[in-house]
file target03.cif (mmCIF, C-alpha atoms)
data_input
#
loop_
_atom_site.label_atom_id
_atom_site.label_comp_id
_atom_site.auth_asym_id
_atom_site.auth_seq_id
_atom_site.Cartn_x
_atom_site.Cartn_y
_atom_site.Cartn_z
CA MET A 80 101.58 84.95 137.71
CA GLU A 81 103.50 88.11 136.88
CA ARG A 82 104.01 88.76 133.16
CA ILE A 83 107.25 90.52 132.25
CA GLY A 84 107.99 91.82 128.76
CA ILE A 85 111.54 91.82 127.35
CA TYR A 86 112.17 94.48 124.70
CA GLY A 87 115.76 94.59 123.47
CA GLY A 88 117.55 96.62 120.84
CA THR A 89 120.43 98.96 120.22
CA PHE A 90 118.24 102.02 120.93
CA ASN A 91 120.65 104.07 118.86
CA PRO A 92 119.05 106.45 119.62
CA PRO A 93 115.82 105.60 121.46
CA HIS A 94 112.82 107.27 119.82
CA THR A 95 109.09 107.71 120.27
CA GLY A 96 108.47 104.61 118.15
CA HIS A 97 110.35 102.48 120.67
CA ILE A 98 108.48 103.91 123.63
CA SER A 99 105.05 103.80 121.98
CA ALA A 100 105.58 100.22 120.79
CA ALA A 101 106.68 99.12 124.26
CA LEU A 102 103.66 100.72 125.88
CA GLN A 103 101.29 99.30 123.29
CA ALA A 104 102.72 95.80 123.69
CA ALA A 105 102.49 96.08 127.47
CA GLU A 106 98.81 97.01 127.25
CA ARG A 107 97.80 94.51 124.57
CA LEU A 108 99.70 91.63 126.17
CA CYS A 109 98.54 92.47 129.70
CA LEU A 110 102.08 92.78 131.03
CA ASP A 111 102.85 93.79 134.58
CA ARG A 112 106.15 95.37 133.60
CA MET A 113 108.24 95.91 130.48
CA LEU A 114 112.02 95.65 130.58
CA LEU A 115 113.90 97.72 127.99
CA ILE A 116 117.34 96.20 127.51
CA PRO A 117 119.92 97.98 125.33
CA THR A 118 122.21 95.58 123.48
CA GLY A 119 125.92 95.50 124.26
CA ILE A 120 127.99 93.84 121.52
CA THR A 121 125.56 92.50 118.93
CA PRO A 122 126.37 89.14 117.32
CA HIS A 123 125.15 89.98 113.82
CA LYS A 124 125.97 93.63 113.18
CA GLN A 125 128.23 96.38 114.40
CA LEU A 126 126.95 99.75 115.55
CA PRO A 127 127.51 102.49 112.96
CA ALA A 128 130.73 104.44 113.21
CA GLY A 129 130.43 107.39 115.57
CA SER A 130 127.66 105.81 117.66
CA PRO A 131 127.37 106.79 121.32
CA ASN A 132 129.02 104.52 123.85
CA ALA A 133 127.02 102.01 125.88
CA GLY A 134 126.66 104.35 128.84
CA GLN A 135 125.27 107.12 126.66
CA ARG A 136 122.74 104.82 125.00
CA LEU A 137 121.65 103.62 128.44
CA GLU A 138 121.30 107.19 129.70
CA MET A 139 119.23 108.23 126.66
CA LEU A 140 116.93 105.26 127.18
CA LYS A 141 116.44 106.19 130.84
CA ILE A 142 115.52 109.71 129.79
CA ALA A 143 113.12 108.44 127.12
CA ALA A 144 111.29 106.13 129.55
CA LYS A 145 111.40 108.26 132.69
CA SER A 146 107.72 109.33 132.59
CA HIS A 147 106.35 105.80 132.11
CA LYS A 148 106.20 103.71 135.29
CA MET A 149 105.48 100.55 133.30
CA LEU A 150 108.89 100.75 131.61
CA GLU A 151 112.04 99.62 133.42
CA ILE A 152 115.57 99.93 132.06
CA SER A 153 118.04 97.08 132.48
CA ASP A 154 121.79 97.18 131.80
CA LEU A 155 121.97 93.38 131.91
CA GLU A 156 123.43 93.01 128.40
CA LEU A 157 125.72 96.02 128.70
CA ARG A 158 127.41 94.37 131.70
CA ARG A 159 127.94 91.13 129.79
CA GLU A 160 131.39 90.61 128.28
CA GLY A 161 131.75 89.63 124.62
CA LYS A 162 128.90 89.16 122.17
CA SER A 163 125.43 89.18 123.64
CA TYR A 164 122.81 86.60 122.69
CA THR A 165 119.11 86.72 123.52
CA TYR A 166 119.01 83.21 124.95
CA GLN A 167 121.54 84.31 127.59
CA THR A 168 119.33 87.23 128.54
CA VAL A 169 116.24 85.03 128.81
CA LEU A 170 118.08 82.52 131.04
CA GLU A 171 119.39 85.27 133.34
CA LEU A 172 115.94 86.83 133.65
CA LYS A 173 114.35 83.44 134.30
CA GLU A 174 116.80 82.94 137.14
CA GLN A 175 116.05 86.42 138.45
CA PHE A 176 112.26 86.01 138.12
CA PRO A 177 111.64 82.24 138.43
CA ASP A 178 107.93 82.55 139.03
CA ALA A 179 107.23 85.08 136.25
CA GLN A 180 106.04 84.46 132.70
CA LEU A 181 108.54 86.08 130.32
CA VAL A 182 107.35 87.51 127.00
CA LEU A 183 110.06 88.32 124.44
CA ILE A 184 108.96 91.23 122.22
CA MET A 185 110.05 91.26 118.58
CA GLY A 186 109.09 92.55 115.15
CA THR A 187 108.15 90.74 111.95
CA ASP A 188 111.65 90.30 110.50
CA MET A 189 113.03 88.88 113.73
CA PHE A 190 110.07 86.52 114.12
CA LEU A 191 110.31 85.16 110.57
CA SER A 192 114.04 84.47 111.04
CA PHE A 193 113.74 83.27 114.65
CA GLU A 194 114.84 79.71 113.92
CA ASN A 195 118.22 81.07 112.79
CA TRP A 196 118.92 82.62 116.19
CA ARG A 197 121.43 81.15 118.63
CA ASN A 198 119.67 78.45 120.72
CA PRO A 199 116.06 79.33 119.84
CA ASP A 200 114.78 76.25 121.70
CA ILE A 201 116.19 77.55 124.96
CA ILE A 202 114.33 80.81 124.43
CA LEU A 203 111.04 79.03 123.73
CA GLU A 204 111.44 76.81 126.80
CA ASN A 205 111.65 79.87 129.02
CA ALA A 206 109.56 82.56 127.31
CA SER A 207 106.67 83.16 124.98
CA LEU A 208 107.03 85.44 121.94
CA GLY A 209 105.14 88.70 121.58
CA VAL A 210 105.23 89.56 117.88
CA MET A 211 104.45 93.12 116.75
CA TYR A 212 103.41 93.43 113.12
CA ARG A 213 102.08 96.15 110.82
CA GLY A 214 98.99 94.42 109.48
CA GLU A 215 99.79 94.63 105.77
CA LYS A 216 98.21 91.71 103.92
CA ASP A 217 101.38 89.87 102.89
CA GLU A 218 103.03 90.44 106.26
CA ALA A 219 99.98 89.23 108.20
CA LYS A 220 99.82 86.10 106.07
CA ALA A 221 103.50 85.28 106.58
CA ILE A 222 103.20 85.84 110.32
CA ALA A 223 100.08 83.66 110.60
CA GLU A 224 101.73 80.80 108.72
CA LYS A 225 104.87 81.01 110.84
CA LYS A 226 102.82 81.11 114.02
CA VAL A 227 101.00 77.88 113.09
CA GLN A 228 104.31 76.14 112.30
CA MET A 229 105.95 77.16 115.56
CA GLN A 230 102.91 76.47 117.74
CA ALA A 231 102.82 72.95 116.34
CA LYS A 232 106.26 72.53 117.94
CA GLY A 233 105.06 73.85 121.29
CA ALA A 234 105.97 77.53 121.00
CA LYS A 235 103.76 80.09 122.77
CA ILE A 236 103.15 83.06 120.47
CA GLU A 237 101.03 86.17 120.92
CA LEU A 238 100.47 88.68 118.11
CA VAL A 239 100.08 92.45 118.49
CA GLU A 240 99.21 94.69 115.55
CA ASN A 241 101.48 97.72 115.75
CA LYS A 242 99.90 100.94 114.47
CA ILE A 243 102.81 103.15 115.50
CA LEU A 244 104.35 105.43 112.84
CA ARG A 245 107.29 103.52 111.44
CA ILE A 246 110.76 105.01 111.77
CA SER A 247 113.98 103.08 112.14
CA SER A 248 116.93 104.25 114.20
CA THR A 249 118.84 104.55 110.91
CA ASP A 250 116.23 106.92 109.50
CA LEU A 251 116.19 108.86 112.75
CA ARG A 252 119.94 109.37 112.51
CA ARG A 253 119.37 110.76 109.02
CA MET A 254 116.68 113.08 110.34
CA LEU A 255 119.09 114.24 113.06
CA THR A 256 121.59 115.22 110.36
CA PHE A 257 118.84 117.04 108.47
CA GLY A 258 117.77 118.86 111.65
CA CYS A 259 114.26 117.37 111.59
CA ALA A 260 114.25 114.68 114.28
CA ALA A 261 112.37 116.57 117.01
CA PRO A 262 108.95 114.92 116.34
CA PHE A 263 110.48 111.48 116.96
CA LEU A 264 112.53 112.15 120.08
CA PRO A 265 111.07 111.66 123.59
CA GLU A 266 111.28 114.67 125.86
CA GLY A 267 114.85 115.28 126.98
CA VAL A 268 116.56 112.98 124.48
CA GLY A 269 117.15 115.71 121.93
CA GLU A 270 118.71 117.94 124.56
CA TYR A 271 120.99 115.11 125.70
CA ILE A 272 122.09 114.48 122.11
CA ARG A 273 122.91 118.15 121.56
CA GLU A 274 124.65 118.62 124.91
CA ASN A 275 126.92 115.64 124.22
CA GLY A 276 127.45 116.31 120.51
CA LEU A 277 126.10 112.89 119.54
CA TYR A 278 125.30 111.79 115.95
CA GLY A 279 127.21 114.73 114.50
CA SER A 280 124.91 117.26 116.18
CA ASP A 281 127.91 119.52 116.77
CA ARG A 282 129.26 119.07 113.25
CA ASN A 283 129.41 121.91 110.71
CA TYR A 284 128.58 120.41 107.30
CA GLN A 285 129.10 123.63 105.37
CA GLY A 286 132.17 124.47 103.34
CA LEU A 287 133.09 120.84 102.66
CA THR A 288 135.33 119.92 99.75
CA VAL A 289 133.84 117.67 97.09
CA GLU A 290 135.68 114.70 98.60
CA GLU A 291 134.43 115.51 102.11
CA LEU A 292 130.91 116.05 100.80
CA GLU A 293 130.99 112.65 99.08
CA ALA A 294 131.94 110.90 102.32
CA GLU A 295 129.11 112.57 104.24
CA VAL A 296 126.46 111.95 101.57
CA LEU A 297 127.33 108.29 101.07
CA GLY A 298 126.77 107.74 104.77
CA LEU A 299 123.20 109.05 104.40
CA LEU A 300 122.25 106.79 101.49
CA LYS A 301 120.92 103.27 101.40
CA GLU A 302 123.64 100.94 100.18
CA ASN A 303 121.80 100.14 96.93
CA ARG A 304 121.71 103.86 96.04
CA ILE A 305 125.46 104.51 96.29
CA ALA A 306 126.48 103.23 92.84
CA HIS A 307 123.75 105.32 91.20
CA VAL A 308 124.82 108.52 92.95
CA LEU A 309 128.50 108.03 92.11
CA GLY A 310 127.57 107.20 88.51
CA CYS A 311 125.45 110.34 88.33
CA ARG A 312 128.34 112.38 89.74
CA ASP A 313 130.78 111.07 87.12
CA THR A 314 128.29 111.58 84.29
CA ALA A 315 127.37 115.09 85.42
CA VAL A 316 131.04 116.11 85.50
CA GLN A 317 131.57 114.69 82.00
CA LEU A 318 128.55 116.59 80.68
CA ALA A 319 129.62 119.79 82.41
CA LYS A 320 133.08 119.55 80.85
CA HIS A 321 131.54 118.86 77.44
CA TRP A 322 129.00 121.70 77.53
CA GLY A 323 131.08 124.26 79.43
CA ALA A 324 129.21 124.23 82.74
CA ASP A 325 130.78 124.49 86.19
CA GLU A 326 132.22 121.03 86.92
CA ILE A 327 132.36 121.57 90.69
CA HIS A 328 128.71 122.63 90.78
CA ALA A 329 127.83 119.59 88.68
CA ALA A 330 129.68 117.22 91.02
CA ARG A 331 128.13 118.71 94.16
CA ALA A 332 124.59 118.75 92.77
CA ALA A 333 124.90 115.15 91.55
CA LEU A 334 126.24 113.95 94.89
CA LEU A 335 123.39 115.62 96.76
CA HIS A 336 120.52 114.98 94.33
CA ASP A 337 119.31 111.86 96.20
CA VAL A 338 120.55 112.78 99.69
CA THR A 339 117.03 112.36 101.18
CA LYS A 340 115.97 109.48 98.92
CA ALA A 341 116.20 106.95 101.77
CA LEU A 342 113.29 108.61 103.59
CA ASP A 343 109.82 107.19 102.95
CA GLY A 344 106.76 109.30 102.14
CA PRO A 345 105.71 110.15 105.71
CA LEU A 346 109.25 111.18 106.61
CA GLN A 347 109.50 113.32 103.46
CA LEU A 348 106.33 115.11 104.57
CA THR A 349 107.71 115.51 108.08
CA LEU A 350 110.90 117.09 106.72
CA CYS A 351 108.84 119.59 104.70
CA GLN A 352 106.73 120.39 107.73
CA GLU A 353 109.76 120.90 109.96
CA TYR A 354 111.28 123.21 107.33
CA GLY A 355 108.01 125.16 107.09
CA ILE A 356 107.32 124.24 103.45
CA LEU A 357 103.74 124.31 102.18
CA LEU A 358 103.17 121.67 99.51
CA ASN A 359 100.84 121.76 96.54
CA SER A 360 98.27 119.02 96.05
CA PHE A 361 100.45 117.08 93.58
CA SER A 362 103.39 116.88 95.99
CA GLN A 363 101.16 115.87 98.90
CA LYS A 364 99.75 112.98 96.89
CA ASN A 365 102.94 111.97 95.09
CA THR A 366 105.52 111.76 97.83
CA LYS A 367 107.96 109.76 95.67
CA THR A 368 108.88 113.01 93.91
CA LEU A 369 109.49 114.89 97.15
CA HIS A 370 113.13 113.87 97.52
CA ALA A 371 114.03 116.49 94.90
CA LEU A 372 112.49 119.25 97.00
CA THR A 373 113.73 117.95 100.35
CA GLY A 374 117.16 117.26 98.88
CA SER A 375 117.40 120.89 97.76
CA LEU A 376 116.32 122.08 101.22
CA VAL A 377 118.99 119.94 102.89
CA ALA A 378 121.59 121.08 100.34
CA ARG A 379 120.95 124.70 101.24
CA ARG A 380 120.26 124.52 104.99
CA VAL A 381 122.58 121.72 106.09
CA PHE A 382 125.40 121.79 103.53
CA GLY A 383 125.25 125.50 102.62
CA GLU A 384 125.35 124.93 98.86
CA GLU A 385 125.17 127.75 96.35
CA GLN A 386 121.80 128.52 94.76
CA ALA A 387 122.80 127.08 91.39
CA VAL A 388 123.43 123.68 93.01
CA VAL A 389 120.23 123.91 95.07
CA ASP A 390 118.13 124.68 92.00
CA ALA A 391 119.62 121.81 89.99
CA ILE A 392 118.74 119.36 92.78
CA ARG A 393 115.26 120.84 93.14
CA HIS A 394 114.31 120.13 89.52
CA HIS A 395 116.19 116.91 88.77
CA THR A 396 113.09 114.69 88.96
CA THR A 397 110.29 116.61 87.25
CA GLY A 398 112.17 119.27 85.33
CA LYS A 399 110.60 122.70 84.77
CA ALA A 400 110.24 125.37 82.13
CA ASP A 401 113.28 127.60 81.43
CA MET A 402 115.85 125.17 82.80
CA ASN A 403 119.43 126.43 82.79
CA LEU A 404 122.40 124.36 81.64
CA LEU A 405 123.31 122.92 85.05
CA GLU A 406 119.69 121.93 85.72
CA LYS A 407 119.55 120.15 82.37
CA ILE A 408 122.81 118.34 83.05
CA ILE A 409 121.70 116.99 86.44
CA TYR A 410 118.33 115.86 85.07
CA VAL A 411 119.94 114.05 82.15
CA ALA A 412 122.84 112.62 84.18
CA ASP A 413 120.39 111.16 86.69
CA TYR A 414 118.50 109.52 83.83
CA MET A 415 121.41 108.06 81.87
CA GLU A 416 124.25 107.31 84.31
CA PRO A 417 126.02 103.98 83.61
CA ASN A 418 123.95 101.93 86.05
CA ARG A 419 120.70 102.76 84.26
CA ASP A 420 119.39 100.05 81.94
CA PHE A 421 116.07 100.50 80.14
CA PRO A 422 114.81 100.76 76.55
CA GLY A 423 115.88 104.09 75.07
CA VAL A 424 118.78 104.83 77.43
CA ASP A 425 121.42 104.33 74.73
CA ARG A 426 119.71 106.90 72.52
CA LEU A 427 119.54 109.27 75.49
CA ARG A 428 123.28 108.86 76.07
CA GLU A 429 124.01 109.71 72.43
CA LEU A 430 121.87 112.84 72.54
CA ALA A 431 123.36 113.99 75.86
CA PHE A 432 126.67 114.82 74.17
CA SER A 433 125.24 116.14 70.90
CA ASP A 434 122.00 117.94 71.83
CA ILE A 435 121.34 118.40 75.55
CA ASP A 436 117.86 119.84 74.91
CA ALA A 437 116.90 116.82 72.83
CA ALA A 438 118.17 114.50 75.56
CA LEU A 439 116.16 116.41 78.14
CA ALA A 440 113.04 116.24 75.97
CA LEU A 441 113.48 112.51 75.43
CA GLY A 442 113.81 111.94 79.18
CA LEU A 443 110.66 113.95 79.86
CA GLU A 444 108.73 112.14 77.13
CA MET A 445 109.75 108.71 78.45
CA THR A 446 108.77 109.67 82.00
CA ILE A 447 105.39 111.03 80.96
CA THR A 448 104.68 107.96 78.81
CA MET A 449 105.65 105.62 81.64
CA LEU A 450 103.49 107.42 84.21
CA LYS A 451 100.48 107.48 81.91
CA GLY A 452 100.92 103.78 81.21
CA GLN A 453 100.90 103.10 84.94
CA GLY A 454 97.84 105.25 85.46
CA ARG A 455 99.80 107.69 87.62
CA GLU A 456 99.57 111.44 87.74
CA VAL A 457 102.10 113.47 85.73
CA SER A 458 103.74 116.45 87.40
CA PRO A 459 102.58 119.81 86.01
CA GLU A 460 106.25 120.84 86.03
CA SER A 461 107.13 117.98 83.67
CA ARG A 462 104.37 118.98 81.26
CA GLU A 463 105.49 122.61 81.40
CA ALA A 464 109.13 121.63 80.81
CA LEU A 465 108.30 119.57 77.74
CA ALA A 466 106.01 122.28 76.34
CA TRP A 467 108.78 124.84 76.86
CA LEU A 468 111.30 122.68 74.99
CA GLN A 469 108.86 122.14 72.13
CA ARG A 470 108.23 125.90 71.85
CA LYS A 471 111.97 126.50 71.96
CA GLU A 472 112.54 123.99 69.15
CA ARG A 473 109.87 125.61 66.96
CA THR A 474 111.42 129.05 67.56
CA VAL A 475 114.84 127.81 66.47
CA CYS A 476 113.39 126.21 63.37
#
call {"tool": "encode", "arguments": {"input": "target03.cif", "output": "structure tokens"}}
result
Amino acid sequence: MERIGIYGGTFNPPHTGHISAALQAAERLCLDRMLLIPTGITPHKQLPAGSPNAGQRLEMLKIAAKSHKMLEISDLELRREGKSYTYQTVLELKEQFPDAQLVLIMGTDMFLSFENWRNPDIILENASLGVMYRGEKDEAKAIAEKKVQMQAKGAKIELVENKILRISSTDLRRMLTFGCAAPFLPEGVGEYIRENGLYGSDRNYQGLTVEELEAEVLGLLKENRIAHVLGCRDTAVQLAKHWGADEIHAARAALLHDVTKALDGPLQLTLCQEYGILLNSFSQKNTKTLHALTGSLVARRVFGEEQAVVDAIRHHTTGKADMNLLEKIIYVADYMEPNRDFPGVDRLRELAFSDIDAALALGLEMTITMLKGQGREVSPESREALAWLQRKERTVC
């Protein structure tokens, strides 16, 4: 009996992760063919504003899969009017291939929420589930428990451990904006994106007003990061006004300070590699601090910011010796903006408007104490910054 895989998604845009996962599933599940089916109108979420049209997504997917005979592209859902549900797709394919065994490919999140889908019983009557998972301990446990529950009800489930580098289409769109998506795009897809000006590839992000910059940056953040960034912006402007720094520079640096924060460690390293940046051993091991460096690179190369803004972003996480006023303001504003809530933050807020150096020192001390308590490595730049402030204080005294 022929085994046909069904791999759906928005493919917005299609990337090497999609293609590699499809090929891996086809091999591990012994499939005879794998159908890649771009979604038309999704029932649960809308495509992001500015997304390519259905025809363009279909064309990109054809380009991405063109060198793999196992992969076939279907426009079945794009031709369907109204919202598109998976059970409809399974029924149509069962009618088209009545003698085949259909295997619906999905990831962990979709599998764990499968019972909430529209007509899941119809799907299970006509197809088995091929579940791709990462293999982390908690994930594997949840998948195994769910598999037992569903098999007890007659479901046919096959598991495939997915060792492909993780990147979501959302992250890929961020990397496209940052000019660092090439490693994740199948041959020809990048050229198609550029030729058609997709995902803002023809957009000039330099010379934006503060308001325009805010709109662009907010679109690059995770939703739970937006309030923090806007709070940091407001606080930085207040501190700049109080201490006599450039308020526009403060606003721009604060808006951009976490612009790459949504990227995980491997993607941070990829961005550095694509920008030709050689990292020291601390940065290679402690990728959570890299967003300050990568944010400064994006600020300069993508948004064309002035060096003062770039430097303030670069040092907002670890600090450094000989920090200037704007650098101090961004570091402190990031630490004490209104959404922050931790022991000592009220004292930090008091110092910020009476003694900016003391506020900076307190922030550095709290960070170093916290990292030591967690058994984590402290940045040499943070140690140097605190030592510099202590020397400065002794000199004044």
call {"tool": "resolve_selection", "arguments": {"input": "target03.cif", "expression": "the PyMOL selection byres ((chain A and resi 359) around 12)", "output": "list in words"}}
result
Leu348, Cys351, Ile356, Leu357, Leu358, Ser360, Phe361, Ser362, Gln363, Lys364, Asn365, Thr366, Leu369, Leu372, Ser458, Pro459 and Glu460 of chain A
call {"tool": "closest_residue", "arguments": {"input": "target03.cif", "among": "A:Ser146, A:Thr165, A:Thr373, A:Thr368", "to": "A:Gly355", "atoms": "only C-alpha atoms"}}
result
A:Thr373
call {"tool": "resolve_selection", "arguments": {"input": "target03.cif", "expression": "the PyMOL selection byres ((chain A and resi 271) around 12)", "output": "list in words"}}
result
Pro92, Pro93, Pro131, Gln135, Arg136, Leu137, Glu138, Met139, Leu140, Lys141, Ile142, Ala143, Leu264, Pro265, Glu266, Gly267, Val268, Gly269, Glu270, Ile272, Arg273, Glu274, Asn275, Gly276, Leu277, Tyr278 and Ser280 of chain A
call {"tool": "resolve_selection", "arguments": {"input": "target03.cif", "expression": "the PyMOL selection byres ((chain A and resi 465) around 10)", "output": "ChimeraX atom specification"}}
result
/A:398-400,436,439-444,447,460-464,466-471
call {"tool": "residues_near_point", "arguments": {"input": "target03.cif", "point": "(117.8, 116.6, 85.3)", "cutoff": "10 Å", "atoms": "all atoms listed in the file", "output": "list in words"}}
result
Ala315, Ala333, His336, Ala391, Ile392, Arg393, His394, His395, Thr396, Thr397, Gly398, Lys399, Met402, Leu404, Leu405, Glu406, Lys407, Ile408, Ile409, Tyr410, Val411, Ala412, Asp413, Tyr414, Met415, Ala438, Leu439, Gly442 and Leu443 of chain A
call {"tool": "atom_distance", "arguments": {"input": "target03.cif", "atom1": "atom CA of A:Ala234", "atom2": "atom CA of A:Leu157"}}
result
28.1 Å
call {"tool": "residues_near_point", "arguments": {"input": "target03.cif", "point": "(115.3, 76.4, 122.4)", "cutoff": "12 Å", "atoms": "only C-alpha atoms", "output": "ChimeraX atom specification"}}
result
/A:165-167,169-170,193-207,229,232-234
call {"tool": "atom_distance", "arguments": {"input": "target03.cif", "atom1": "atom CA of A:Tyr212", "atom2": "atom CA of A:Lys235"}}
result
16.5 Å
call {"tool": "closest_residue", "arguments": {"input": "target03.cif", "among": "A:Ala329, A:Val457, A:Ile83, A:Ala319", "to": "A:Ala105", "atoms": "only C-alpha atoms"}}
result
A:Ile83
call {"tool": "closest_residue", "arguments": {"input": "target03.cif", "among": "A:Ala179, A:His94, A:Gly119, A:Ile85", "to": "A:Val210", "atoms": "only C-alpha atoms"}}
result
A:Ile85
call {"tool": "atom_distance", "arguments": {"input": "target03.cif", "atom1": "atom CA of A:Ser375", "atom2": "atom CA of A:Thr314"}}
result
19.7 Å
call {"tool": "residues_around", "arguments": {"input": "target03.cif", "residues": "A:Thr256", "least_positions_apart": "4", "cutoff": "9 Å", "atoms": "all atoms listed in the file", "output": "list of chain:residue names"}}
result
A:Leu251, A:Arg252, A:Ala260, A:Tyr278, A:Gly279, A:Ser280, A:Leu299, A:Val381
call {"tool": "closest_residue", "arguments": {"input": "target03.cif", "among": "A:Ala221, A:Val388, A:Thr288, A:Asn418", "to": "A:Ala324", "atoms": "all atoms listed in the file"}}
result
A:Val388
call {"tool": "residues_around", "arguments": {"input": "target03.cif", "residues": "A:Glu224", "least_positions_apart": "6", "cutoff": "12 Å", "atoms": "all atoms listed in the file", "output": "tab-separated table (two decimals) with C-alpha atoms, keeping the file's coordinate frame"}}
result
chain	number	residue	atom	x	y	z
A	190	PHE	CA	110.07	86.52	114.12
A	191	LEU	CA	110.31	85.16	110.57
A	217	ASP	CA	101.38	89.87	102.89
A	218	GLU	CA	103.03	90.44	106.26
A	230	GLN	CA	102.91	76.47	117.74
A	231	ALA	CA	102.82	72.95	116.34
call {"tool": "residues_around", "arguments": {"input": "target03.cif", "residues": "A:Ala100", "least_positions_apart": "4", "cutoff": "9 Å", "atoms": "only C-alpha atoms", "output": "count of residues only"}}
result
8
call {"tool": "closest_residue", "arguments": {"input": "target03.cif", "among": "A:Asp343, A:Asp250, A:Glu291, A:Glu215", "to": "A:Thr187", "atoms": "only C-alpha atoms"}}
result
A:Glu215
call {"tool": "axis_aligned_box", "arguments": {"input": "target03.cif", "around": "stretch 210-222 of chain A", "padding_each_side": "8 Å", "output": "AutoDock Vina command-line options"}}
result
--center_x 101.7 --center_y 90.7 --center_z 110.4 --size_x 23.0 --size_y 26.9 --size_z 31.0
call {"tool": "closest_residue", "arguments": {"input": "target03.cif", "among": "A:Gly454, A:Pro417, A:Gly374, A:Gly209", "to": "A:Asp337", "atoms": "all atoms listed in the file"}}
result
A:Gly374
call {"tool": "build_atoms", "arguments": {"input": "target03.cif", "residues": "stretch 458-475 of chain A", "atoms": "N, CA and C atoms", "output": "PDB file, keeping the file's coordinate frame"}}
result
ATOM      1  N   SER A 458     103.473 115.156  86.790  1.00  0.00           N
ATOM      2  CA  SER A 458     103.740 116.450  87.400  1.00  0.00           C
ATOM      3  C   SER A 458     103.455 117.588  86.424  1.00  0.00           C
ATOM      4  N   PRO A 459     102.761 118.631  86.878  1.00  0.00           N
ATOM      5  CA  PRO A 459     102.580 119.810  86.010  1.00  0.00           C
ATOM      6  C   PRO A 459     103.905 120.395  85.558  1.00  0.00           C
ATOM      7  N   GLU A 460     104.937 120.307  86.407  1.00  0.00           N
ATOM      8  CA  GLU A 460     106.250 120.840  86.030  1.00  0.00           C
ATOM      9  C   GLU A 460     106.844 120.081  84.847  1.00  0.00           C
ATOM     10  N   SER A 461     106.617 118.776  84.787  1.00  0.00           N
ATOM     11  CA  SER A 461     107.130 117.980  83.670  1.00  0.00           C
ATOM     12  C   SER A 461     106.419 118.377  82.377  1.00  0.00           C
ATOM     13  N   ARG A 462     105.127 118.558  82.445  1.00  0.00           N
ATOM     14  CA  ARG A 462     104.370 118.980  81.260  1.00  0.00           C
ATOM     15  C   ARG A 462     104.845 120.350  80.790  1.00  0.00           C
ATOM     16  N   GLU A 463     105.043 121.260  81.739  1.00  0.00           N
ATOM     17  CA  GLU A 463     105.490 122.610  81.400  1.00  0.00           C
ATOM     18  C   GLU A 463     106.894 122.584  80.805  1.00  0.00           C
ATOM     19  N   ALA A 464     107.757 121.727  81.332  1.00  0.00           N
ATOM     20  CA  ALA A 464     109.130 121.630  80.810  1.00  0.00           C
ATOM     21  C   ALA A 464     109.130 121.137  79.374  1.00  0.00           C
ATOM     22  N   LEU A 465     108.338 120.106  79.089  1.00  0.00           N
ATOM     23  CA  LEU A 465     108.300 119.570  77.740  1.00  0.00           C
ATOM     24  C   LEU A 465     107.689 120.581  76.769  1.00  0.00           C
ATOM     25  N   ALA A 466     106.622 121.258  77.201  1.00  0.00           N
ATOM     26  CA  ALA A 466     106.010 122.280  76.340  1.00  0.00           C
ATOM     27  C   ALA A 466     106.996 123.406  76.054  1.00  0.00           C
ATOM     28  N   TRP A 467     107.776 123.790  77.054  1.00  0.00           N
ATOM     29  CA  TRP A 467     108.780 124.840  76.860  1.00  0.00           C
ATOM     30  C   TRP A 467     109.835 124.405  75.851  1.00  0.00           C
ATOM     31  N   LEU A 468     110.309 123.170  75.945  1.00  0.00           N
ATOM     32  CA  LEU A 468     111.300 122.680  74.990  1.00  0.00           C
ATOM     33  C   LEU A 468     110.741 122.616  73.582  1.00  0.00           C
ATOM     34  N   GLN A 469     109.480 122.219  73.452  1.00  0.00           N
ATOM     35  CA  GLN A 469     108.860 122.140  72.130  1.00  0.00           C
ATOM     36  C   GLN A 469     108.697 123.528  71.519  1.00  0.00           C
ATOM     37  N   ARG A 470     108.326 124.521  72.337  1.00  0.00           N
ATOM     38  CA  ARG A 470     108.230 125.900  71.850  1.00  0.00           C
ATOM     39  C   ARG A 470     109.606 126.406  71.432  1.00  0.00           C
ATOM     40  N   LYS A 471     110.604 126.070  72.241  1.00  0.00           N
ATOM     41  CA  LYS A 471     111.970 126.500  71.960  1.00  0.00           C
ATOM     42  C   LYS A 471     112.459 125.921  70.637  1.00  0.00           C
ATOM     43  N   GLU A 472     112.135 124.657  70.390  1.00  0.00           N
ATOM     44  CA  GLU A 472     112.540 123.990  69.150  1.00  0.00           C
ATOM     45  C   GLU A 472     111.868 124.633  67.953  1.00  0.00           C
ATOM     46  N   ARG A 473     110.595 124.956  68.070  1.00  0.00           N
ATOM     47  CA  ARG A 473     109.870 125.610  66.960  1.00  0.00           C
ATOM     48  C   ARG A 473     110.448 126.980  66.671  1.00  0.00           C
ATOM     49  N   THR A 474     110.842 127.712  67.731  1.00  0.00           N
ATOM     50  CA  THR A 474     111.420 129.050  67.560  1.00  0.00           C
ATOM     51  C   THR A 474     112.732 128.988  66.800  1.00  0.00           C
ATOM     52  N   VAL A 475     113.556 127.993  67.142  1.00  0.00           N
ATOM     53  CA  VAL A 475     114.840 127.810  66.470  1.00  0.00           C
ATOM     54  C   VAL A 475     114.648 127.480  65.018  1.00  0.00           C
TER      55      VAL A 475
END
